[in-house]
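Student: One structure follows; several queries about it will come next.
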Amino acid sequence: MPAPRLRSRSLRRVFRKVPGGRVSLQYKKQRPKTAKCGSCGSSLKGVPRAFTFRMRSMAKTKKRPERPYGGVLCSKCMRQSIIDKARQ
Ligand SMILES: [Zn+2]
């Protein structure tokens, strides 16, 4: 029986093969969810699904696409919002 703190489902279970050939169960943090578009909710491309400590050491250009509203809106919604703004 695992320790009480490990019985929670907030940790994911990873089966790892150890050098002795035995399979051991390791408990890891859940991976963060993918970034979502602020308008339609679809997952954003070009935005890595990484832990914050990894995102902090990453260059800004690697964290979001370099276009207006990059990392906030998907390309479709970005185009539509710019067209809407130009028509007003
Ligand atoms: Zn969108």
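Note on naming: chains are A, B, ... as they come in the structure tokens, residues start from 1 per chain, ligands start from 1 in the order shown.
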List as a PyMOL selection string the protein and nucleic acid residues lying within 10 Å of ligand 1, with only C-alpha atoms and all ligand atoms counted.

Tutor: chain A and resi 36-44+72-81

Student: Export N, CA and C atoms of the chosen residues as a PDB file, in the first residue's frame?

Tutor:
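Result written to out.pdb:
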```pdb
ATOM      1  N   LYS A  36      -4.929  27.289 -24.373  1.00  0.00           N
ATOM      2  CA  LYS A  36      -6.159  27.354 -25.161  1.00  0.00           C
ATOM      3  C   LYS A  36      -6.354  28.759 -25.731  1.00  0.00           C
ATOM      4  N   CYS A  37      -7.033  28.805 -26.875  1.00  0.00           N
ATOM      5  CA  CYS A  37      -7.369  30.088 -27.497  1.00  0.00           C
ATOM      6  C   CYS A  37      -8.359  30.830 -26.596  1.00  0.00           C
ATOM      7  N   GLY A  38      -8.146  32.142 -26.434  1.00  0.00           N
ATOM      8  CA  GLY A  38      -9.009  32.931 -25.576  1.00  0.00           C
ATOM      9  C   GLY A  38     -10.388  33.147 -26.148  1.00  0.00           C
ATOM     10  N   SER A  39     -10.564  32.895 -27.444  1.00  0.00           N
ATOM     11  CA  SER A  39     -11.854  33.147 -28.077  1.00  0.00           C
ATOM     12  C   SER A  39     -12.635  31.859 -28.321  1.00  0.00           C
ATOM     13  N   CYS A  40     -12.021  30.895 -29.016  1.00  0.00           N
ATOM     14  CA  CYS A  40     -12.771  29.685 -29.393  1.00  0.00           C
ATOM     15  C   CYS A  40     -12.441  28.489 -28.503  1.00  0.00           C
ATOM     16  N   GLY A  41     -11.347  28.548 -27.748  1.00  0.00           N
ATOM     17  CA  GLY A  41     -11.019  27.470 -26.826  1.00  0.00           C
ATOM     18  C   GLY A  41     -10.247  26.314 -27.424  1.00  0.00           C
ATOM     19  N   SER A  42      -9.870  26.411 -28.699  1.00  0.00           N
ATOM     20  CA  SER A  42      -9.066  25.340 -29.296  1.00  0.00           C
ATOM     21  C   SER A  42      -7.627  25.438 -28.785  1.00  0.00           C
ATOM     22  N   SER A  43      -6.898  24.313 -28.823  1.00  0.00           N
ATOM     23  CA  SER A  43      -5.540  24.327 -28.292  1.00  0.00           C
ATOM     24  C   SER A  43      -4.622  25.106 -29.223  1.00  0.00           C
ATOM     25  N   LEU A  44      -3.719  25.880 -28.618  1.00  0.00           N
ATOM     26  CA  LEU A  44      -2.829  26.745 -29.389  1.00  0.00           C
ATOM     27  C   LEU A  44      -1.622  25.970 -29.880  1.00  0.00           C
ATOM     28  N   VAL A  72      -2.232  33.936 -27.388  1.00  0.00           N
ATOM     29  CA  VAL A  72      -3.502  34.330 -26.772  1.00  0.00           C
ATOM     30  C   VAL A  72      -4.658  33.817 -27.617  1.00  0.00           C
ATOM     31  N   LEU A  73      -4.611  34.156 -28.919  1.00  0.00           N
ATOM     32  CA  LEU A  73      -5.654  33.715 -29.842  1.00  0.00           C
ATOM     33  C   LEU A  73      -5.047  32.755 -30.857  1.00  0.00           C
ATOM     34  N   CYS A  74      -5.876  31.831 -31.384  1.00  0.00           N
ATOM     35  CA  CYS A  74      -5.403  30.979 -32.465  1.00  0.00           C
ATOM     36  C   CYS A  74      -5.365  31.812 -33.750  1.00  0.00           C
ATOM     37  N   SER A  75      -4.725  31.290 -34.793  1.00  0.00           N
ATOM     38  CA  SER A  75      -4.517  32.099 -35.993  1.00  0.00           C
ATOM     39  C   SER A  75      -5.848  32.488 -36.650  1.00  0.00           C
ATOM     40  N   LYS A  76      -6.829  31.572 -36.613  1.00  0.00           N
ATOM     41  CA  LYS A  76      -8.142  31.884 -37.213  1.00  0.00           C
ATOM     42  C   LYS A  76      -8.801  33.053 -36.492  1.00  0.00           C
ATOM     43  N   CYS A  77      -8.838  32.979 -35.142  1.00  0.00           N
ATOM     44  CA  CYS A  77      -9.493  34.028 -34.371  1.00  0.00           C
ATOM     45  C   CYS A  77      -8.731  35.344 -34.482  1.00  0.00           C
ATOM     46  N   MET A  78      -7.381  35.256 -34.580  1.00  0.00           N
ATOM     47  CA  MET A  78      -6.571  36.460 -34.736  1.00  0.00           C
ATOM     48  C   MET A  78      -6.927  37.154 -36.039  1.00  0.00           C
ATOM     49  N   ARG A  79      -6.985  36.388 -37.142  1.00  0.00           N
ATOM     50  CA  ARG A  79      -7.350  36.957 -38.444  1.00  0.00           C
ATOM     51  C   ARG A  79      -8.722  37.603 -38.377  1.00  0.00           C
ATOM     52  N   GLN A  80      -9.686  36.870 -37.787  1.00  0.00           N
ATOM     53  CA  GLN A  80     -11.064  37.365 -37.728  1.00  0.00           C
ATOM     54  C   GLN A  80     -11.141  38.646 -36.914  1.00  0.00           C
ATOM     55  N   SER A  81     -10.418  38.712 -35.783  1.00  0.00           N
ATOM     56  CA  SER A  81     -10.489  39.909 -34.941  1.00  0.00           C
ATOM     57  C   SER A  81      -9.876  41.103 -35.651  1.00  0.00           C
TER      58      SER A  81
END
```

Student: As JSON, numbers by chain, please: every residue in chain A that DSSP puts in strand (DSSP E).

Tutor: {"A": [11, 12, 13, 14, 15, 16, 17, 23, 24, 25, 26, 27, 28, 29]}

Student: Quick one: of A:Gly71, A:Pro4, A:Pro32, A:Gly20, who's nearest to Arg54 in chain A, counting only C-alpha atoms?

Tutor: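 Closest to Arg54 in chain A, using only C-alpha atoms: A:Pro32.
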
Student: A:Arg9, A:Arg56, A:Arg67, A:Arg16: which is nearest Gln30 in chain A, counting only C-alpha atoms?

Tutor: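 The shortest atom-to-atom distance to Gln30 in chain A comes from A:Arg9.
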
Student: Among the residues of range 18-60 of chain A, find those DSSP assigns to helix (DSSP H, G or I) from the backbone and print them as a ChimeraX atom specification.

Tutor: /A:52-56,60

Student: So which residues touch Met58 in chain A within 12 Å, counting only C-alpha atoms, skipping near sequence neighbours fewer than 6 positions away, as a list in words?

Tutor: Val47, Pro48, Ala50, Phe51, Thr52 and Arg64 of chain A

Student: Name the closest residue to Pro65 in chain A among the candidates A:Lys17, A:Arg7, A:Lys45, A:Arg87; distances are taken between atoms, counting only C-alpha atoms.

Tutor: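 Once distances to Pro65 in chain A are computed over only C-alpha atoms, the minimum belongs to A:Lys45.
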
Student: For CA of Gln26 in chain A and CA of Val14 in chain A, determine how far apart the two atoms are, in Å to one decimal place.

Tutor: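 Rounded to one decimal, the two atoms are 5.1 Å apart.
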